[in-house]
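Participant: Sharing coords-v3.txt, compact mmCIF, C-alpha atoms and all ligand atoms:
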# COMPACT_ATOMS: atom_id res chain seq x y z
CA MET A 18 0.00 0.00 0.00
CA THR A 19 1.23 3.49 -0.77
CA LYS A 20 2.44 5.86 1.91
CA VAL A 21 0.31 8.72 3.19
CA ASP A 22 1.22 11.76 1.10
CA GLN A 23 1.79 15.37 2.16
CA VAL A 24 -0.52 18.32 1.51
CA GLN A 25 -0.07 22.02 2.03
CA LEU A 26 -2.16 23.40 4.87
CA SER A 27 -2.69 26.87 3.41
CA PRO A 28 -1.08 29.17 0.81
CA SER A 29 1.62 30.24 3.29
CA GLY A 30 1.42 27.24 5.59
CA PRO A 31 3.55 24.13 5.94
CA SER A 32 2.89 20.71 4.43
CA LEU A 33 1.48 18.05 6.74
CA SER A 34 0.75 14.40 6.14
CA ARG A 35 -2.78 13.89 4.79
CA ILE A 36 -3.52 11.96 8.00
CA VAL A 37 -2.20 13.33 11.31
CA ALA A 38 -1.53 11.22 14.40
CA GLY A 39 -3.30 12.60 17.48
CA THR A 40 -1.44 11.98 20.73
CA MET A 41 -4.20 12.86 23.21
CA THR A 42 -4.62 9.23 24.34
CA TRP A 43 -1.00 8.13 23.95
CA GLY A 44 -0.20 9.21 27.50
CA GLU A 45 -1.97 9.41 30.84
CA TRP A 46 -5.34 10.15 29.22
CA GLY A 47 -5.34 6.77 27.50
CA SER A 48 -2.80 4.05 26.86
CA ASP A 49 -0.11 5.59 29.07
CA PHE A 50 2.70 4.54 26.74
CA PRO A 51 6.17 4.75 28.26
CA ALA A 52 8.81 6.48 26.11
CA PRO A 53 10.08 3.29 24.35
CA LYS A 54 6.53 2.36 23.28
CA MET A 55 5.92 5.93 22.14
CA ALA A 56 9.13 5.74 20.12
CA GLU A 57 7.80 2.56 18.51
CA MET A 58 4.50 4.31 17.65
CA ILE A 59 6.33 7.30 16.17
CA GLY A 60 8.53 5.00 14.08
CA HIS A 61 5.47 3.12 12.85
CA CYS A 62 3.72 6.36 11.86
CA LEU A 63 6.79 7.56 9.96
CA ASP A 64 6.99 4.23 8.10
CA LEU A 65 3.37 4.76 6.99
CA GLY A 66 4.05 8.32 5.86
CA ILE A 67 2.13 9.78 8.84
CA THR A 68 4.74 12.42 9.61
CA SER A 69 2.60 14.96 11.50
CA PHE A 70 1.82 14.65 15.21
CA ASP A 71 -0.84 16.62 17.05
CA HIS A 72 -0.25 17.57 20.68
CA ALA A 73 -1.55 20.00 23.28
CA ASP A 74 0.25 21.12 26.40
CA ILE A 75 -2.63 19.78 28.52
CA TYR A 76 -2.67 16.18 27.22
CA GLY A 77 -2.12 13.69 30.01
CA HIS A 78 -2.51 16.54 32.49
CA TYR A 79 0.51 18.31 30.99
CA ALA A 80 2.65 15.13 30.89
CA THR A 81 2.32 13.59 27.39
CA GLU A 82 4.52 16.07 25.51
CA GLU A 83 7.39 15.27 27.86
CA VAL A 84 7.15 11.49 27.32
CA PHE A 85 6.96 12.11 23.55
CA GLY A 86 10.08 14.28 23.85
CA ARG A 87 11.95 11.46 25.58
CA ALA A 88 10.79 9.12 22.80
CA LEU A 89 12.26 11.54 20.23
CA ASN A 90 15.56 11.47 22.13
CA GLU A 91 15.56 7.68 21.93
CA LEU A 92 14.97 7.83 18.18
CA GLY A 93 17.96 10.13 17.65
CA THR A 94 18.46 13.65 16.36
CA SER A 95 17.79 12.91 12.67
CA VAL A 96 14.14 12.00 13.30
CA ARG A 97 12.96 15.56 14.00
CA ALA A 98 13.58 16.66 10.41
CA GLN A 99 11.31 13.88 9.16
CA MET A 100 8.26 15.07 11.09
CA GLU A 101 5.97 18.02 11.78
CA LEU A 102 5.00 18.84 15.35
CA ILE A 103 1.79 20.67 16.13
CA THR A 104 0.82 21.70 19.63
CA LYS A 105 -1.71 23.96 21.33
CA CYS A 106 -1.92 26.35 24.24
CA GLY A 107 -4.39 28.46 26.14
CA ILE A 108 -6.37 26.06 28.34
CA ARG A 109 -5.51 26.16 32.03
CA LEU A 110 -6.47 22.92 33.77
CA GLU A 111 -6.67 22.36 37.48
CA THR A 112 -4.05 19.75 38.32
CA SER A 113 -1.33 19.20 40.91
CA ARG A 114 1.20 19.74 38.08
CA ARG A 115 -0.02 23.35 37.76
CA PRO A 116 -0.84 24.56 41.30
CA ASP A 117 -1.36 28.10 39.95
CA ASN A 118 -4.44 26.98 38.00
CA ARG A 119 -7.27 27.53 40.49
CA LEU A 120 -10.03 26.52 38.05
CA LYS A 121 -10.40 25.50 34.42
CA SER A 122 -10.02 28.65 32.38
CA TYR A 123 -8.47 30.09 29.22
CA ASP A 124 -5.45 32.35 28.96
CA LEU A 125 -4.54 33.91 25.61
CA SER A 126 -2.43 36.71 27.02
CA ARG A 127 0.90 37.51 25.33
CA ASP A 128 3.06 36.22 28.16
CA TYR A 129 1.07 33.04 28.67
CA ILE A 130 1.20 32.14 24.96
CA ILE A 131 4.98 32.69 24.81
CA ALA A 132 5.66 30.80 28.06
CA SER A 133 3.45 27.93 26.90
CA ALA A 134 5.28 27.60 23.57
CA GLU A 135 8.62 27.64 25.34
CA ARG A 136 7.52 24.94 27.78
CA SER A 137 6.23 22.76 24.91
CA LEU A 138 9.56 23.16 23.08
CA LYS A 139 11.41 22.03 26.19
CA ASN A 140 9.07 19.08 26.80
CA LEU A 141 9.17 17.94 23.18
CA HIS A 142 12.97 18.27 23.04
CA THR A 143 12.82 20.40 19.93
CA ASP A 144 13.97 23.87 18.83
CA TYR A 145 10.86 24.73 16.84
CA LEU A 146 7.19 23.93 16.43
CA ASP A 147 5.83 23.52 12.92
CA VAL A 148 2.36 24.76 13.89
CA PHE A 149 1.21 26.33 17.15
CA LEU A 150 -2.53 26.58 17.80
CA LEU A 151 -4.70 28.49 20.23
CA HIS A 152 -6.66 25.56 21.67
CA ARG A 153 -9.96 27.35 22.33
CA PRO A 154 -11.26 30.86 21.80
CA SER A 155 -11.43 32.94 24.95
CA PRO A 156 -14.07 35.63 25.56
CA LEU A 157 -11.13 37.77 26.72
CA MET A 158 -8.98 37.30 23.60
CA ASP A 159 -7.31 40.49 22.45
CA PRO A 160 -6.05 40.01 18.86
CA ALA A 161 -3.31 42.63 19.36
CA GLU A 162 -1.82 40.65 22.25
CA VAL A 163 -2.00 37.39 20.33
CA ALA A 164 -0.28 39.08 17.38
CA GLU A 165 2.52 40.32 19.64
CA ALA A 166 3.07 36.82 21.04
CA PHE A 167 3.04 35.20 17.60
CA ALA A 168 5.46 37.81 16.19
CA HIS A 169 7.87 37.19 19.07
CA LEU A 170 7.73 33.40 18.60
CA GLU A 171 8.13 33.63 14.83
CA GLN A 172 11.03 36.10 14.94
CA SER A 173 12.89 33.97 17.46
CA GLY A 174 12.51 30.94 15.17
CA LYS A 175 10.54 29.02 17.79
CA VAL A 176 7.33 28.66 15.78
CA ARG A 177 6.98 28.42 12.00
CA ALA A 178 3.19 28.79 11.58
CA PHE A 179 0.16 29.65 13.69
CA GLY A 180 -3.44 28.53 13.77
CA VAL A 181 -6.46 28.13 15.98
CA SER A 182 -8.80 25.41 17.15
CA ASN A 183 -12.53 25.47 17.83
CA PHE A 184 -12.87 29.05 16.56
CA THR A 185 -16.15 30.25 15.04
CA PRO A 186 -15.89 31.84 11.59
CA SER A 187 -16.21 35.33 13.09
CA GLN A 188 -13.49 34.67 15.69
CA PHE A 189 -11.26 33.30 12.92
CA GLN A 190 -11.96 36.36 10.77
CA LEU A 191 -11.24 38.73 13.63
CA LEU A 192 -7.86 37.19 14.45
CA SER A 193 -6.97 36.88 10.75
CA GLN A 194 -6.94 40.67 10.56
CA SER A 195 -3.90 40.67 12.87
CA VAL A 196 -2.06 37.41 12.10
CA THR A 197 -1.75 34.79 9.37
CA LEU A 198 -3.61 31.65 10.38
CA VAL A 199 -2.87 28.37 8.59
CA THR A 200 -5.70 26.22 9.97
CA ASN A 201 -8.71 25.92 12.25
CA GLN A 202 -8.72 22.55 14.01
CA VAL A 203 -12.36 21.61 14.55
CA GLU A 204 -14.58 18.68 15.42
CA CYS A 205 -16.35 17.04 12.48
CA HIS A 206 -17.91 13.60 11.98
CA PRO A 207 -21.35 12.40 10.84
CA LEU A 208 -22.79 12.84 14.36
CA HIS A 209 -21.43 16.41 14.51
CA PRO A 210 -21.69 17.88 11.00
CA ASP A 211 -22.02 21.52 12.18
CA CYS A 212 -18.99 22.75 10.20
CA PHE A 213 -20.87 22.17 6.95
CA TYR A 214 -23.61 24.57 8.01
CA ASP A 215 -22.15 27.19 10.38
CA GLY A 216 -19.79 28.81 7.87
CA THR A 217 -16.60 27.16 9.19
CA PHE A 218 -15.84 25.15 6.07
CA ASP A 219 -17.15 27.87 3.69
CA GLN A 220 -14.72 30.36 5.16
CA LEU A 221 -11.73 27.99 4.97
CA LEU A 222 -12.57 26.79 1.47
CA GLY A 223 -12.79 30.41 0.31
CA ALA A 224 -9.36 31.15 1.78
CA ASN A 225 -7.77 27.89 0.53
CA ILE A 226 -7.06 26.80 4.11
CA ARG A 227 -7.46 23.19 5.16
CA PRO A 228 -9.14 22.42 8.48
CA MET A 229 -7.60 19.80 10.77
CA ILE A 230 -10.38 17.55 12.07
CA TRP A 231 -10.35 16.34 15.64
CA SER A 232 -12.33 13.27 16.73
CA PRO A 233 -12.94 12.17 13.13
CA LEU A 234 -14.71 9.09 14.56
CA GLY A 235 -16.49 11.07 17.24
CA GLY A 236 -13.92 10.05 19.84
CA ALA A 237 -15.11 6.43 19.62
CA GLN A 238 -18.73 7.53 20.26
CA TYR A 239 -19.47 5.75 16.98
CA PHE A 240 -18.15 2.45 18.34
CA LYS A 241 -19.34 2.74 21.94
CA SER A 242 -22.73 4.46 21.99
CA GLU A 243 -25.94 2.43 21.74
CA SER A 244 -28.14 5.45 20.96
CA THR A 245 -30.71 5.12 18.17
CA SER A 246 -28.84 7.51 15.88
CA VAL A 247 -25.52 5.74 16.35
CA LEU A 248 -27.06 2.28 15.77
CA ARG A 249 -28.75 3.58 12.61
CA LEU A 250 -25.49 5.14 11.42
CA ARG A 251 -23.51 1.97 12.19
CA ASP A 252 -25.94 -0.09 10.09
CA THR A 253 -25.44 2.18 7.09
CA VAL A 254 -21.67 2.35 7.51
CA LYS A 255 -21.37 -1.44 7.91
CA ASN A 256 -23.25 -1.99 4.64
CA LEU A 257 -21.01 0.50 2.86
CA ALA A 258 -17.90 -1.10 4.38
CA LYS A 259 -18.95 -4.35 2.67
CA LYS A 260 -19.75 -2.57 -0.59
CA TYR A 261 -16.31 -0.91 -0.74
CA GLY A 262 -14.36 -4.14 -0.36
CA ASP A 263 -14.81 -5.21 3.25
CA VAL A 264 -12.90 -2.27 4.68
CA GLY A 265 -13.20 -1.18 8.32
CA GLU A 266 -16.00 1.11 9.40
CA ASP A 267 -13.38 3.66 10.48
CA VAL A 268 -12.11 3.71 6.88
CA ILE A 269 -15.60 4.59 5.61
CA LEU A 270 -15.94 7.39 8.20
CA LEU A 271 -12.56 8.85 7.22
CA ALA A 272 -13.39 8.59 3.51
CA TRP A 273 -16.63 10.45 4.27
CA LEU A 274 -14.65 13.36 5.74
CA LEU A 275 -12.00 13.32 3.03
CA LYS A 276 -14.62 13.72 0.29
CA HIS A 277 -15.32 17.30 1.36
CA PRO A 278 -13.79 19.86 -1.05
CA VAL A 279 -12.29 21.87 1.84
CA GLY A 280 -9.60 19.15 2.02
CA PRO A 281 -9.91 18.16 5.68
CA ILE A 282 -6.90 16.65 7.43
CA PRO A 283 -8.16 14.07 9.94
CA VAL A 284 -6.32 13.88 13.25
CA VAL A 285 -6.82 10.23 14.12
CA GLY A 286 -6.88 9.23 17.77
CA THR A 287 -6.21 5.52 17.62
CA THR A 288 -3.47 3.98 19.74
CA LYS A 289 -3.46 0.78 17.66
CA LYS A 290 -0.80 0.29 15.01
CA SER A 291 -3.07 -1.80 12.74
CA ARG A 292 -5.76 0.92 12.77
CA LEU A 293 -3.19 3.57 11.89
CA GLY A 294 -2.12 1.48 8.90
CA ALA A 295 -5.69 1.00 7.71
CA THR A 296 -6.31 4.75 7.54
CA ARG A 297 -4.39 4.75 4.23
CA LEU A 298 -7.29 2.85 2.63
CA ALA A 299 -9.51 5.90 3.20
CA LEU A 300 -7.23 8.04 1.03
CA GLU A 301 -7.86 5.77 -1.92
CA LEU A 302 -11.59 5.31 -1.38
CA ASP A 303 -13.85 7.63 -3.35
CA LEU A 304 -17.32 7.39 -1.80
CA GLU A 305 -20.15 7.81 -4.28
CA THR A 306 -22.04 11.02 -3.59
CA GLN A 307 -25.30 9.21 -2.76
CA ASP A 308 -23.41 7.04 -0.25
CA TRP A 309 -22.03 10.22 1.34
CA PHE A 310 -25.59 11.48 1.79
CA ALA A 311 -26.76 8.09 3.05
CA ILE A 312 -24.27 8.44 5.94
CA LEU A 313 -25.41 12.00 6.66
CA GLU A 314 -29.06 10.96 6.59
CA ALA A 315 -28.45 8.01 8.92
CA ALA A 316 -26.57 10.22 11.39
CA VAL A 317 -29.03 13.11 11.54
CA GLY A 318 -32.14 10.94 11.20
CA HIS A 319 -33.82 12.60 8.23
CA GLU A 320 -33.28 13.19 4.53
CA VAL A 321 -31.94 16.52 3.33
CA ALA A 322 -34.56 19.20 2.66
N1 LIG A 401 -8.46 20.63 19.23
C1 LIG A 401 -9.22 20.04 20.11
O1 LIG A 401 -9.99 20.67 20.85
C2 LIG A 401 -9.16 18.55 20.22
C3 LIG A 401 -10.11 17.85 21.00
C4 LIG A 401 -10.03 16.47 21.05
C5 LIG A 401 -9.04 15.80 20.33
N2 LIG A 401 -8.11 16.50 19.59
C6 LIG A 401 -7.07 15.82 18.79
O2 LIG A 401 -7.72 14.89 17.95
C7 LIG A 401 -7.15 13.59 18.13
C8 LIG A 401 -8.18 12.54 17.86
O3 LIG A 401 -9.25 12.67 18.78
P1 LIG A 401 -10.07 11.40 19.25
O4 LIG A 401 -9.17 10.51 20.01
O5 LIG A 401 -11.31 11.87 19.88
O6 LIG A 401 -10.30 10.74 17.79
P2 LIG A 401 -11.10 9.59 17.13
O7 LIG A 401 -10.16 9.05 16.09
O8 LIG A 401 -12.43 10.10 16.71
O9 LIG A 401 -11.35 8.50 18.26
C9 LIG A 401 -10.31 7.69 18.71
C10 LIG A 401 -10.94 6.62 19.57
O10 LIG A 401 -11.66 5.72 18.72
C11 LIG A 401 -11.23 4.41 18.98
N3 LIG A 401 -11.27 3.64 17.72
C12 LIG A 401 -10.68 3.98 16.56
N4 LIG A 401 -10.94 3.03 15.61
C13 LIG A 401 -11.69 2.10 16.24
C14 LIG A 401 -12.28 0.88 15.80
N5 LIG A 401 -12.11 0.43 14.54
N6 LIG A 401 -13.00 0.17 16.69
C15 LIG A 401 -13.16 0.60 17.95
N7 LIG A 401 -12.63 1.78 18.43
C16 LIG A 401 -11.90 2.50 17.58
C17 LIG A 401 -9.81 4.54 19.49
O11 LIG A 401 -9.48 3.42 20.27
P3 LIG A 401 -8.08 2.66 20.05
O12 LIG A 401 -7.03 3.55 20.60
O13 LIG A 401 -8.27 1.40 20.81
O14 LIG A 401 -7.93 2.43 18.57
C18 LIG A 401 -9.91 5.81 20.31
O15 LIG A 401 -10.45 5.53 21.59
C19 LIG A 401 -6.58 13.62 19.54
O16 LIG A 401 -5.56 12.68 19.74
C20 LIG A 401 -6.06 15.03 19.61
O17 LIG A 401 -4.78 15.09 19.00
C21 LIG A 401 -8.17 17.87 19.52
Give the structure from the file, written as structure tokens.
Ligand SMILES: NC(=O)c1ccc[n+]([C@@H]2O[C@H](COP(=O)([O-])OP(=O)(O)OC[C@H]3O[C@@H](n4cnc5c(N)ncnc54)[C@H](OP(=O)(O)O)[C@@H]3O)[C@@H](O)[C@H]2O)c1
Facilitator:
Amino acid sequence: MTKVDQVQLSPSGPSLSRIVAGTMTWGEWGSDFPAPKMAEMIGHCLDLGITSFDHADIYGHYATEEVFGRALNELGTSVRAQMELITKCGIRLETSRRPDNRLKSYDLSRDYIIASAERSLKNLHTDYLDVFLLHRPSPLMDPAEVAEAFAHLEQSGKVRAFGVSNFTPSQFQLLSQSVTLVTNQVECHPLHPDCFYDGTFDQLLGANIRPMIWSPLGGAQYFKSESTSVLRLRDTVKNLAKKYGDVGEDVILLAWLLKHPVGPIPVVGTTKKSRLGATRLALELDLETQDWFAILEAAVGHEVA
């Protein structure tokens, strides 16, 4: 099977692999891989052509980046040039590792953004981040302060490109007046198709910017939930999985996302090597348009108007 190829995120943005590996459940918030196992996962991803890795400072209660960094050390210095590292900042979680965080809140102040990037660089054992994202919009966000932080990080060579996550189209537009954004990382799957209708994808398509998609399988909701809508969706997807050559249901769900003209880049959350490998099938699977709508109809419970 061919390797996952690279695509450019935006006109001025970097290239990422067409499928990105999400690390949220690689650490304490999931499989709790020690550094050698993480090194094995990273090596496996690189062999598949999955060269881009999605982090956030908060994953594993602020611990996962550091284990990943030790894994990079184990793999040797040449590995960094073969990969793209994405991480996020701005959420303050209450945890014993951050005694200053008195409650869950957001902080997009200049100093917090810069300090967060510097801490992620140290944890990841790297000199630069390929893409640095604001994890969530804050009601207190001041675009001028964000711009100051981004300019400082760019000029010092610490960050190569900037983006956001979970921003509404108007928040994205507002910040775009002050800084160049290369992506909006958002949730999208058949059970949460809001981006098709709320202007998020329209805006990005118009600007030739690819969204990164978190929870492309609904964070396993698709596999775990027994709700009527999920059971109905699973029935449809299973039938299509047979039709398209007995592929996995996750492959059909990824192919469903990839069909959108905005050019979504799924951030897959699996911790299983075999499932990572199978994602490549989705890149080669062109769902018929009526099958795409059959999935949408099954998920939302009614035909389109
Ligand atoms: N920007 C944000 O606000 C935000 C929010 C959430 C997540 N993220 C990013 O998005 C990434 C992906 O999120 P996610 O983990 O919610 O993604 P997801 O890919 O929708 O869900 C992953 C979950 O599905 C399970 N799964 C996958 N294939 C399966 C199958 N064939 N059968 C049964 N279970 C299956 C995985 O279990 P196994 O591990 O056992 O395969 C894992 O628990 C995260 O790692 C993170 O990088 C970003």
Participant: Let me see if you get this right: every residue at most 6 Å from ligand LIG 401 (chain A), counting all atoms listed in the file, written as a list of chain:residue names.
Facilitator: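 So the residues close to ligand LIG 401 (chain A) are A:Gly39, A:Thr40, A:Met41, A:Thr42, A:Asp71, A:His72, A:His152, A:Ser182, A:Gln202, A:Trp231, A:Ser232, A:Pro233, A:Leu234, A:Gly235, A:Gly236, A:Ala237, A:Phe240, A:Asp267, A:Val284, A:Val285, A:Gly286, A:Thr287, A:Thr288, A:Lys289.
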Participant: Hey, can you pull every residue with an atom no more than 9 Å from (1.3, 27.7, 6.8), using all atoms listed in the file, and send it as a PyMOL selection string?
Facilitator: chain A and resi 25-32+147-148+177-180+197-200+226
Participant: Around (-14.9, 32.1, 14.5) in the file's frame, which residues reach within 12 Å when counting all atoms listed in the file? Return as a PyMOL selection string?
Facilitator: chain A and resi 153-156+181-193+200-203+212+215-221
Participant: Quick one: pull the distance between atom CA of A:Ser113 and atom CA of A:Val84, Å, one decimal.
Facilitator: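 Straight-line distance from atom CA of A:Ser113 to atom CA of A:Val84 works out to 17.8 Å.
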Participant: Which stretch 138-257 of chain A residues have any atom within 8 Å of an atom of stretch 295-315 of chain A, and for each, what is the nearest pair of atoms with distance in Å to one decimal, counting all atoms listed in the file, rows sorted by chain and number, as a tab-separated table?
Facilitator:
residue	atom	partner	partner_atom	distance
A:Pro207	CA	A:Leu313	CA	5.8
A:Ser246	CA	A:Ala315	CA	7.0
A:Arg249	CA	A:Ala315	CA	5.8
A:Leu250	CA	A:Ala315	CA	4.8
A:Thr253	CA	A:Ile312	CA	6.5
A:Val254	CA	A:Ile312	CA	6.8
A:Leu257	CA	A:Asp308	CA	7.6
Participant: Taking C-alpha atoms for each residue, export the selection above as a PDB file, in the frame of the given file.
Facilitator:
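result_22.pdb written:
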ATOM      1  CA  PRO A 207     -21.350  12.400  10.840  1.00  0.00           C
ATOM      2  CA  SER A 246     -28.840   7.510  15.880  1.00  0.00           C
ATOM      3  CA  ARG A 249     -28.750   3.580  12.610  1.00  0.00           C
ATOM      4  CA  LEU A 250     -25.490   5.140  11.420  1.00  0.00           C
ATOM      5  CA  THR A 253     -25.440   2.180   7.090  1.00  0.00           C
ATOM      6  CA  VAL A 254     -21.670   2.350   7.510  1.00  0.00           C
ATOM      7  CA  LEU A 257     -21.010   0.500   2.860  1.00  0.00           C
TER       8      LEU A 257
END
Participant: For A:Val24, find every residue with an atom within 12 Å (counting only C-alpha atoms), except residues of its own chain fewer than 6 positions away, and show them as a compact mmCIF listing (two decimals) with C-alpha atoms, keeping the file's coordinate frame.
Facilitator:
# COMPACT_ATOMS: atom_id res chain seq x y z
CA GLY A 30 1.42 27.24 5.59
CA PRO A 31 3.55 24.13 5.94
CA SER A 32 2.89 20.71 4.43
CA LEU A 33 1.48 18.05 6.74
CA SER A 34 0.75 14.40 6.14
CA ARG A 35 -2.78 13.89 4.79
CA ILE A 36 -3.52 11.96 8.00
CA VAL A 37 -2.20 13.33 11.31
CA GLY A 66 4.05 8.32 5.86
CA ILE A 67 2.13 9.78 8.84
CA THR A 68 4.74 12.42 9.61
CA SER A 69 2.60 14.96 11.50
CA ILE A 226 -7.06 26.80 4.11
CA ARG A 227 -7.46 23.19 5.16
CA PRO A 228 -9.14 22.42 8.48
CA MET A 229 -7.60 19.80 10.77
CA GLY A 280 -9.60 19.15 2.02
CA PRO A 281 -9.91 18.16 5.68
CA ILE A 282 -6.90 16.65 7.43
Participant: Can you list, as a list in words, every protein, DNA or RNA residue that comes within 10 Å of stretch 52-61 of chain A when you count all atoms listed in the file, leaving out same-chain residues fewer than 5 positions away?
Facilitator: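 These residues fall inside the cut-off: Ala38, Thr40, Trp43, Gly44, Gly66, Ile67, Thr68, Ser69, Phe70, Thr81, Glu83, Val84, Phe85, Gly86, Arg87, Ala88, Leu89, Asn90, Glu91, Leu92, Val96, Met100, Thr288, Lys289, Lys290, Ser291, Leu293 and Gly294 of chain A.
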Participant: Write out as a PyMOL selection string each polymer residue whose atoms come within 9 Å of A:Tyr129, counting all atoms listed in the file; drop sequence neighbours fewer than 5 positions from it.
Facilitator: chain A and resi 106-107+124+134+166
Participant: Please report, as AutoDock Vina command-line options, the centre and edge lengths in Å to one decimal of an axis-aligned box covering all listed atoms of stretch 309-314 of chain A with 3 Å per side.
Facilitator:
--center_x -25.5 --center_y 10.0 --center_z 4.0 --size_x 13.0 --size_y 9.9 --size_z 11.3
Participant: Quick one: distance from atom CA of A:Leu275 to atom CA of A:Tyr145 in Å, one decimal?
Facilitator: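 Distance between the two atoms: 29.0 Å.
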Participant: Could you check the closest approach to A:Asp159 for each of A:Ser126, A:Gln99, A:Gln238, A:Asn118 and tell me which residue wins, using only C-alpha atoms?
Facilitator: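 Nearest candidate to A:Asp159 out of A:Ser126, A:Gln99, A:Gln238, A:Asn118: A:Ser126.
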Participant: One decimal, in Å: what's the spacing between atom CA of A:His78 and atom CA of A:Thr112?
Facilitator: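 Atom CA of A:His78 sits 6.8 Å away from atom CA of A:Thr112.
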Participant: Hey, which of A:Ser242, A:Gln172, A:Ser195, A:Thr94 ends up closest to A:His142? Count all atoms listed in the file.
Facilitator: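 When distances to A:His142 are compared using all atoms listed in the file, the smallest one comes from A:Thr94.
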